[in-house]
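Novice: Got a file for you: start-v4.txt, compact mmCIF, C-alpha atoms.
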```txt
# COMPACT_ATOMS: atom_id res chain seq x y z
CA MET A 3 98.19 108.68 94.86
CA ILE A 4 96.33 106.74 97.52
CA PHE A 5 93.03 108.39 96.70
CA ASP A 6 93.38 107.63 93.00
CA LEU A 7 93.81 103.97 93.87
CA TYR A 8 90.75 104.05 96.12
CA TRP A 9 88.72 105.82 93.42
CA ARG A 10 89.63 103.41 90.64
CA VAL A 11 89.21 100.24 92.74
CA LEU A 12 86.18 101.10 94.89
CA GLY A 13 84.91 104.67 94.56
CA LEU A 14 84.27 104.75 90.82
CA PRO A 15 82.60 101.30 90.58
CA LEU A 16 80.28 102.21 93.47
CA SER A 17 79.52 105.59 91.93
CA ARG A 18 78.66 103.93 88.61
CA ILE A 19 76.37 101.39 90.24
CA LYS A 20 74.56 103.91 92.41
CA GLY A 21 74.37 106.53 89.68
CA GLY A 22 73.13 104.04 87.12
CA LEU A 23 70.25 103.16 89.43
CA THR A 24 69.32 106.64 90.66
CA ASP A 25 69.47 108.16 87.16
CA ARG A 26 66.79 105.72 86.05
CA VAL A 27 64.44 106.30 88.98
CA PRO A 28 61.89 109.01 88.05
CA PHE A 29 61.76 110.52 91.55
CA SER A 30 64.40 111.94 93.90
CA VAL A 31 65.90 109.19 96.02
CA VAL A 32 67.44 111.80 98.34
CA GLU A 33 64.07 113.47 98.91
CA LEU A 34 62.39 110.13 99.66
CA SER A 35 65.20 109.13 102.03
CA LEU A 36 64.85 112.38 103.96
CA TRP A 37 61.13 111.82 104.45
CA MET A 38 61.81 108.26 105.60
CA GLY A 39 64.61 109.41 107.89
CA VAL A 40 62.46 112.07 109.54
CA ALA A 41 59.62 109.56 109.99
CA ALA A 42 62.05 107.08 111.57
CA CYS A 43 63.35 109.81 113.91
CA LEU A 44 59.76 110.49 114.98
CA VAL A 45 59.13 106.80 115.66
CA TRP A 46 62.39 106.53 117.62
CA GLY A 47 61.52 109.56 119.75
CA LEU A 48 57.97 108.36 120.41
CA SER A 49 59.24 104.92 121.39
CA PHE A 50 60.50 106.42 124.65
CA ALA A 51 57.20 108.17 125.32
CA PHE A 52 55.18 105.00 124.65
CA PRO A 53 57.47 102.15 125.74
CA ARG A 54 54.61 99.63 126.11
CA GLY A 55 53.27 99.99 122.59
CA TRP A 56 54.61 98.52 119.35
CA MET A 57 57.02 101.42 119.01
CA GLY A 58 58.65 100.42 122.30
CA ARG A 59 59.69 97.03 121.00
CA ARG A 60 63.45 96.57 120.90
CA GLY A 61 63.58 95.69 117.21
CA VAL A 62 61.39 98.62 116.20
CA ARG A 63 63.41 101.05 118.30
CA ALA A 64 66.73 99.75 116.90
CA ALA A 65 65.47 99.93 113.29
CA ALA A 66 64.13 103.46 113.85
CA LEU A 67 67.47 104.54 115.32
CA LEU A 68 69.39 103.18 112.33
CA LEU A 69 66.98 104.52 109.69
CA GLY A 70 66.51 107.85 111.46
CA PRO A 71 69.28 109.63 113.40
CA VAL A 72 72.13 107.35 112.32
CA PHE A 73 71.19 107.48 108.63
CA LEU A 74 70.62 111.26 108.57
CA VAL A 75 73.97 111.91 110.27
CA ALA A 76 75.72 109.58 107.81
CA LEU A 77 73.95 111.28 104.89
CA SER A 78 75.00 114.75 106.03
CA LEU A 79 78.60 113.74 106.75
CA GLY A 80 78.86 112.20 103.31
CA GLN A 81 78.16 115.43 101.41
CA GLY A 82 81.60 117.03 101.35
CA ALA A 83 80.02 120.49 101.55
CA PHE A 84 81.28 121.56 104.96
CA PRO A 85 84.57 121.29 106.93
CA LEU A 86 83.55 118.35 109.14
CA SER A 87 82.40 116.27 106.17
CA ILE A 88 83.95 112.83 105.82
CA ALA A 89 82.87 112.28 102.20
CA PRO A 90 85.55 110.04 100.63
CA THR A 91 85.84 112.30 97.58
CA GLY A 92 86.76 115.12 99.95
CA LEU A 93 90.09 113.33 100.45
CA ARG A 94 91.02 114.08 96.84
CA GLU A 95 93.87 116.55 96.48
CA PRO A 96 92.50 120.02 95.57
CA LEU A 97 92.48 120.36 91.81
CA PRO A 98 94.54 123.61 91.58
CA GLN A 99 97.24 121.94 93.65
CA ARG A 100 97.07 118.74 91.61
CA LEU A 101 97.26 120.58 88.29
CA ARG A 102 100.42 122.45 89.27
CA THR A 103 102.28 119.29 88.33
CA LEU A 104 101.12 119.94 84.74
CA THR A 105 101.18 123.70 84.58
CA GLY A 106 103.76 124.76 87.13
CA ASP A 107 102.98 127.63 89.48
CA ALA A 108 103.36 130.62 87.17
CA PRO A 109 101.60 133.69 88.60
CA LEU A 110 98.83 135.44 86.66
CA ASP A 111 99.51 139.17 86.83
CA SER A 112 96.62 141.58 87.24
CA ALA A 113 97.15 143.31 83.88
CA THR A 114 96.97 140.00 81.99
CA PHE A 115 93.89 139.04 83.97
CA ALA A 116 92.17 142.37 83.27
CA ALA A 117 92.90 142.12 79.54
CA TRP A 118 91.67 138.53 79.51
CA ALA A 119 88.42 139.51 81.23
CA ARG A 120 87.87 142.43 78.81
CA ALA A 121 88.41 140.13 75.82
CA ARG A 122 85.87 137.62 77.10
CA GLU A 123 83.41 140.40 77.90
CA ALA A 124 83.75 141.69 74.34
CA ARG A 125 83.28 138.17 72.95
CA LEU A 126 80.12 137.66 75.00
CA ARG A 127 78.67 141.02 74.00
CA GLY A 128 79.55 140.33 70.38
CA TYR A 129 77.69 137.01 70.45
CA PHE A 130 74.52 138.64 71.77
CA ASP A 131 74.86 141.89 69.80
CA THR A 132 71.42 142.36 68.25
CA THR A 133 72.74 144.89 65.71
CA VAL A 134 74.88 142.17 64.12
CA THR A 135 73.00 138.91 64.60
CA GLY A 136 69.48 140.07 65.29
CA ASP A 137 67.98 137.90 68.00
CA GLN A 138 68.88 134.54 66.44
CA ASN A 139 71.76 133.85 68.83
CA TRP A 140 69.65 134.74 71.85
CA LYS A 141 66.81 132.49 70.68
CA ALA A 142 69.25 129.64 70.10
CA PHE A 143 70.76 130.16 73.55
CA GLU A 144 67.38 130.24 75.29
CA ALA A 145 66.30 127.12 73.35
CA LEU A 146 69.23 125.08 74.70
CA PRO A 147 67.62 122.40 76.92
CA GLU A 148 69.09 121.67 80.34
CA THR A 149 69.07 117.95 79.53
CA THR A 150 71.19 118.64 76.43
CA ALA A 151 73.61 120.73 78.48
CA LEU A 152 73.96 117.87 80.95
CA ARG A 153 74.55 115.29 78.21
CA VAL A 154 77.18 117.22 76.28
CA CYS A 155 78.87 118.45 79.47
CA ASP A 156 79.10 114.88 80.69
CA ALA A 157 80.95 113.85 77.53
CA SER A 158 83.13 116.98 77.57
CA LEU A 159 84.08 116.44 81.21
CA ASP A 160 85.26 112.94 80.31
CA SER A 161 87.53 114.47 77.66
CA VAL A 162 88.82 117.12 80.07
CA LEU A 163 89.67 114.53 82.73
CA ALA A 164 91.48 112.39 80.17
CA ALA A 165 93.45 115.39 78.87
CA LEU A 166 94.47 116.34 82.40
CA ARG A 167 95.43 112.74 83.21
CA LEU A 168 92.86 112.59 85.98
CA PRO A 169 90.86 109.45 86.91
CA PRO A 170 87.52 109.17 85.07
CA GLY A 171 84.10 109.53 86.64
CA ARG A 172 80.72 107.94 86.13
CA THR A 173 78.40 108.71 83.23
CA VAL A 174 75.62 111.10 84.24
CA ARG A 175 72.32 110.63 82.44
CA ALA A 176 69.76 112.66 84.39
CA PHE A 177 69.02 115.14 87.13
CA LYS A 178 65.89 115.37 89.29
CA ASP A 179 63.68 118.21 90.45
CA MET A 180 64.35 118.92 94.11
CA GLY A 181 61.42 118.03 96.40
CA PRO A 182 60.03 119.97 99.40
CA TRP A 183 62.76 118.95 101.85
CA THR A 184 65.72 119.51 99.54
CA THR A 185 64.16 122.71 98.16
CA ALA A 186 63.81 124.20 101.65
CA MET A 187 67.34 123.12 102.60
CA GLY A 188 68.78 124.47 99.36
CA MET A 189 67.07 127.84 99.70
CA LEU A 190 68.13 128.22 103.33
CA TYR A 191 71.74 127.24 102.68
CA GLY A 192 72.04 129.02 99.35
CA GLY A 193 72.56 125.90 97.27
CA PRO A 194 69.56 125.40 94.95
CA ALA A 195 71.26 122.48 93.18
CA PHE A 196 73.13 119.50 94.59
CA HIS A 197 75.00 116.31 93.93
CA ASP A 198 74.57 113.75 96.66
CA PRO A 199 77.68 111.52 96.98
CA PHE A 200 75.78 109.10 99.23
CA PHE A 201 73.31 108.13 96.44
CA SER A 202 75.24 109.69 93.51
CA GLU A 203 72.15 111.68 92.55
CA ILE A 204 71.85 115.16 91.04
CA GLY A 205 69.02 117.53 91.95
CA ILE A 206 68.21 121.02 90.64
CA ILE A 207 65.48 123.17 92.15
CA SER A 208 62.44 123.61 89.91
CA TYR A 209 61.88 126.96 88.22
CA ARG A 210 58.46 127.18 89.88
CA ASN A 211 60.02 127.06 93.34
CA TYR A 212 63.07 129.19 92.52
CA PRO A 213 62.87 131.27 89.33
CA VAL A 214 66.37 131.90 87.99
CA SER A 215 67.94 132.79 84.66
CA HIS A 216 68.19 130.05 82.08
CA PHE A 217 71.97 130.36 81.97
CA TRP A 218 72.16 129.61 85.71
CA ARG A 219 70.28 126.34 85.25
CA LEU A 220 72.50 125.36 82.31
CA MET A 221 75.64 126.01 84.35
CA ALA A 222 74.15 124.16 87.33
CA ALA A 223 73.60 121.05 85.20
CA CYS A 224 77.26 121.06 84.14
CA HIS A 225 78.58 121.97 87.60
CA GLU A 226 76.69 119.17 89.34
CA THR A 227 77.82 116.73 86.66
CA ALA A 228 81.42 117.67 87.51
CA HIS A 229 80.66 116.82 91.15
CA ALA A 230 79.23 113.48 90.05
CA LYS A 231 82.55 112.69 88.37
CA GLY A 232 84.03 112.49 91.86
CA PHE A 233 85.08 116.08 92.64
CA THR A 234 83.41 117.20 95.86
CA ARG A 235 85.00 120.63 96.28
CA GLU A 236 83.10 123.51 94.72
CA MET A 237 86.27 125.10 93.35
CA ASP A 238 87.23 121.86 91.62
CA ALA A 239 83.78 121.51 90.06
CA GLU A 240 83.87 125.11 88.83
CA ILE A 241 87.29 124.66 87.22
CA LEU A 242 86.16 121.50 85.45
CA THR A 243 82.91 123.17 84.39
CA GLN A 244 84.79 126.08 82.80
CA LEU A 245 87.15 123.74 80.95
CA ALA A 246 84.29 121.52 79.78
CA LEU A 247 82.21 124.45 78.49
CA LEU A 248 85.19 125.92 76.62
CA ARG A 249 85.94 122.53 75.05
CA ILE A 250 82.36 122.19 73.81
CA GLY A 251 82.45 125.70 72.41
CA ARG A 252 85.78 125.06 70.67
CA GLY A 253 84.79 121.67 69.31
CA THR A 254 86.99 118.64 68.73
CA ALA A 255 88.68 117.07 65.74
CA GLY A 256 86.09 116.44 63.06
CA LYS A 257 83.32 118.19 64.99
CA GLY A 258 82.49 121.89 65.07
CA GLY A 259 82.00 123.75 68.31
CA ASP A 260 78.81 125.14 69.80
CA PRO A 261 79.12 128.89 70.48
CA ARG A 262 76.27 128.72 72.99
CA PHE A 263 78.60 126.90 75.38
CA THR A 264 81.37 129.41 74.78
CA ALA A 265 78.91 132.10 75.81
CA LEU A 266 77.98 130.06 78.87
CA ALA A 267 81.67 129.69 79.78
CA ASP A 268 82.16 133.44 79.43
CA ILE A 269 79.17 134.16 81.69
CA GLN A 270 80.52 131.80 84.35
CA PHE A 271 83.98 133.34 84.08
CA LEU A 272 82.87 136.98 84.13
CA GLN A 273 80.55 136.49 87.09
CA LYS A 274 83.58 135.62 89.21
CA THR A 275 85.89 138.46 88.24
CA GLY A 276 84.80 140.98 90.88
CA THR A 277 85.05 143.70 88.20
CA LYS A 278 82.35 145.82 86.61
CA ILE A 279 80.97 143.99 83.58
CA THR A 280 78.80 145.55 80.88
CA TRP A 281 76.47 142.63 80.28
CA PRO A 282 74.50 142.14 77.05
CA ASP A 283 71.02 143.68 77.28
CA SER A 284 69.36 140.31 76.71
CA LEU A 285 71.06 138.77 79.76
CA VAL A 286 70.25 141.80 81.91
CA ALA A 287 66.58 141.69 80.90
CA GLU A 288 66.32 137.97 81.63
CA ALA A 289 68.00 138.37 85.01
CA ARG A 290 65.55 141.14 85.94
CA ARG A 291 62.57 139.01 84.94
CA ALA A 292 63.86 136.08 87.00
CA ARG A 293 64.60 138.32 89.99
CA ALA A 294 61.08 139.77 89.90
CA ALA A 295 59.54 136.29 89.64
CA ARG A 296 61.73 135.06 92.50
CA ALA A 297 60.65 137.98 94.68
CA ARG A 298 57.00 137.05 94.13
CA VAL A 299 57.67 133.43 95.06
CA GLU A 300 59.65 134.35 98.17
CA ALA A 301 57.00 136.86 99.30
CA ALA A 302 54.68 133.90 99.76
CA ARG A 303 57.20 132.22 102.09
CA PRO A 304 57.93 134.77 104.84
CA ALA A 305 59.00 132.13 107.39
CA LEU A 306 61.60 130.73 105.02
CA ALA A 307 62.92 134.21 104.27
CA TRP A 308 63.17 134.97 107.99
CA VAL A 309 65.15 131.80 108.78
CA ARG A 310 67.42 132.44 105.81
CA SER A 311 68.18 135.96 107.05
CA LEU A 312 69.12 134.51 110.43
CA MET A 313 71.43 131.99 108.78
CA ARG A 314 73.02 134.72 106.69
CA ARG A 315 73.72 136.87 109.76
CA ALA A 316 75.15 133.83 111.56
CA GLY A 317 77.48 133.10 108.64
CA LEU A 318 75.93 129.69 108.00
CA GLN A 319 75.07 130.21 104.34
CA ASN A 320 76.97 129.07 101.28
CA SER A 321 79.99 131.18 100.38
CA GLY A 322 80.88 132.38 96.88
CA GLY A 323 84.56 132.10 97.79
CA LYS A 324 84.29 128.32 97.53
CA TYR A 325 83.35 128.76 93.87
CA GLY A 326 86.26 131.03 93.02
CA GLU A 327 84.32 134.31 93.13
CA ARG A 328 86.25 137.52 93.82
CA ARG A 329 84.88 140.51 95.72
CA ALA A 330 85.29 143.90 94.11
CA ALA A 331 87.52 145.14 96.94
CA GLU A 332 89.58 141.96 97.12
CA PRO A 333 93.29 142.41 96.28
CA TRP A 334 94.38 140.53 93.18
CA ASN A 335 95.81 137.10 93.96
CA PRO A 336 98.34 136.11 91.24
CA HIS A 337 97.85 132.48 92.27
CA HIS A 338 94.04 132.66 92.35
CA PRO A 339 92.92 129.00 92.38
CA PHE A 340 90.25 129.51 89.69
CA PHE A 341 91.65 132.13 87.31
CA ALA A 342 95.33 131.18 87.55
CA THR A 343 94.50 127.50 87.09
CA ILE A 344 92.24 128.11 84.07
CA HIS A 345 94.82 130.42 82.52
CA ALA A 346 97.64 127.92 83.00
CA ILE A 347 95.59 125.07 81.54
CA ALA A 348 94.62 127.27 78.58
CA GLN A 349 98.31 127.69 77.78
CA GLU A 350 98.86 123.91 77.93
CA GLN A 351 95.82 122.71 75.98
CA PRO A 352 95.55 123.07 72.18
```
Would you mind writing the file out in C-alpha cells?

Specialist:
Amino acid sequence: MIFDLYWRVLGLPLSRIKGGLTDRVPFSVVELSLWMGVAACLVWGLSFAFPRGWMGRRGVRAAALLLGPVFLVALSLGQGAFPLSIAPTGLREPLPQRLRTLTGDAPLDSATFAAWARAREARLRGYFDTTVTGDQNWKAFEALPETTALRVCDASLDSVLAALRLPPGRTVRAFKDMGPWTTAMGMLYGGPAFHDPFFSEIGIISYRNYPVSHFWRLMAACHETAHAKGFTREMDAEILTQLALLRIGRGTAGKGGDPRFTALADIQFLQKTGTKITWPDSLVAEARRARAARARVEAARPALAWVRSLMRRAGLQNSGGKYGERRAAEPWNPHHPFFATIHAIAQEQP
C-alpha cells in the first residue's frame, strides 16, 4: 500500500526521531508549544495596534505569524482527531478493513457475542473474587505502575503488529503529565489523554486535576502507546490495545502471562458492550471514590464545567462511538468494527 511505503520510508523514521527526543525531555513539549503559540498570536495581533513599535517591524510580525496562527493551525490539523484533520497517519486504511484480508468478513452473531461477554465478565469477577483470593489480586492490580503498563504494552504492541503483518511503530519510553492548556482542552473535549502526532508525544492528565480509576489510567497508557505506533484512529488504537493486553495476560513462549493485564483487557472489553455488567465490588468502590473526588475538583472550576456543558449540547465533545462503544439500545451489528474484529483475530491467533 502507498501509505505503508510512506510510513516505512519517512513516517516511521521521523516518528522515531521526534519520539526519541520528546520522551527524554522532562516537560511537555506540546504544552510549551501552546504557550509559545498563544504568546506569538498576541504579539502578531498587537503588531497591528502598535505598528511603530518593535512589534510592528516586518520581521517580528512575520515571525509572530509563523509561530502563532500558522503553527497552531498546523498543530491542530496534524492531530487526526477530527474529520478535517490532515494528519498523515489518518491516511492509513482503517484497521478493521485492513484485517479483513487476514480474517475474512465472518459475522459475529449476537448469541455468540452475548456468551463471550458473559464468559469475560465471569473471568473478571473470578479474578477479583475476595472469597477465593482474598484481596491479594486487588492489591497486585492497584500496585501496577502506569510506567510499567506503558513499557510492557509497548513491547506487546510490537508483537501484535508483527503477528498481524502490519508495519512497526516507534518505541515509546515515557508519557508526560498534561499542563494547564492541554488539561483544559482535554477536559472540555472529553479526551484527558493524548498522543500528539506533530511532536510524537504522549500526555495523560494528572490525577490531581482529573481523579479517575487506576484501571482507566493503565488503559490510557496502552491506548496512547498504540497511537504512537502510527494509528491515529481511536477505533484502531482500541483494537490494538485489546490485543496487546490479551497477549500480555496470555504470555509468550518461555514467559508466563500477567493476569493483571487480562483483567485490564476484560474491563476495556466489557465497558464497550452496552449490556448490563455486574462489576466486581472492588472496581465499583474505586470508581465511586474517583467519581466523588472528581466532583470535588470540578466544583472548584464552574467556568470550565459551564463551557463543557455548552460543548456537549452543541455536539462538539468526544464520542464513545469512535472507540467502539455500544449504546444499550443500539441494535447488534454482526460486523461491529471492534467486537467482530477482535473475535476474528482471536480465532486466527494461537

Novice: With distances taken over only C-alpha atoms, which of A:Gly232, A:Gly188, A:Pro96, A:Gly253 is nearest to A:Lys324?

Specialist: A:Pro96

Novice: Just checking: using only C-alpha atoms, which residue out of A:Ser35, A:Ser87, A:Ser202, A:Thr184 ends up closest to A:Gly70?

Specialist: A:Ser35

Novice: Measure the distance from atom CA of A:Leu159 to atom CA of A:Gly171 in Å and round it to one decimal.

Specialist: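 So the two atoms, atom CA of A:Leu159 and atom CA of A:Gly171, lie 8.8 Å apart.
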
Novice: Just the residues within 9 Å of A:Pro71, please, counting only C-alpha atoms, with nothing from its chain fewer than 4 positions along; format it as a list in words.

Specialist: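 Using only C-alpha atoms, the neighbours found are Gly39, Val40, Ala42, Cys43, Trp46, Ala66, Leu67, Val75 and Ala76 of chain A.
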
Novice: Counting all atoms listed in the file, which of A:Arg26, A:Lys231, A:Arg102, A:Arg63 gets nearest to A:His337?

Specialist: A:Arg102

Novice: Ranking A:Val32, A:Ala239, A:Ala65, A:Met3 by minimum distance to A:Arg100 and counting all atoms listed in the file, which one comes first?

Specialist: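 Closest to A:Arg100, using all atoms listed in the file: A:Met3.
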
Novice: With all atoms of stretch 318-329 of chain A from the file as input, state the centre and edge lengths in Å to one decimal of the axis-aligned box that has 5 Å extra on each side, as lines of an AutoDock Vina configuration file.

Specialist:
```
center_x = 80.7
center_y = 134.4
center_z = 100.5
size_x = 21.2
size_y = 22.2
size_z = 25.0
```

Novice: Of the candidates A:Ala116, A:Ala176, A:Ala223, A:Val162, which one gets nearest to A:Ala195 if we count all atoms listed in the file?

Specialist: A:Ala223

Novice: Please report the interatomic distance between atom CA of A:Ala89 and atom CA of A:Leu74 in Å with one decimal.

Specialist: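 Going from atom CA of A:Ala89 over to atom CA of A:Leu74 covers 13.8 Å.
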
Novice: Work out how far atom CA of A:Pro28 is from atom CA of A:Ile88, in Å to one decimal.

Specialist: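 Between atom CA of A:Ile88 and atom CA of A:Pro28 the gap is 28.6 Å.
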
Novice: Got a sec to check which residues sit within 10 Å of (78.3, 141.3, 75.0), counting all atoms listed in the file, and write them as a PyMOL selection string?

Specialist: chain A and resi 122-132+265+268-269+279-285

Novice: For each of A:Arg54, A:His225, A:Arg210, A:Arg94, take the minimum atom-to-atom distance to A:Val299, counting all atoms listed in the file, then give the residue where this is smallest.

Specialist: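 Going through A:Arg54, A:His225, A:Arg210, A:Arg94 one by one, the smallest distance to A:Val299 is for A:Arg210.
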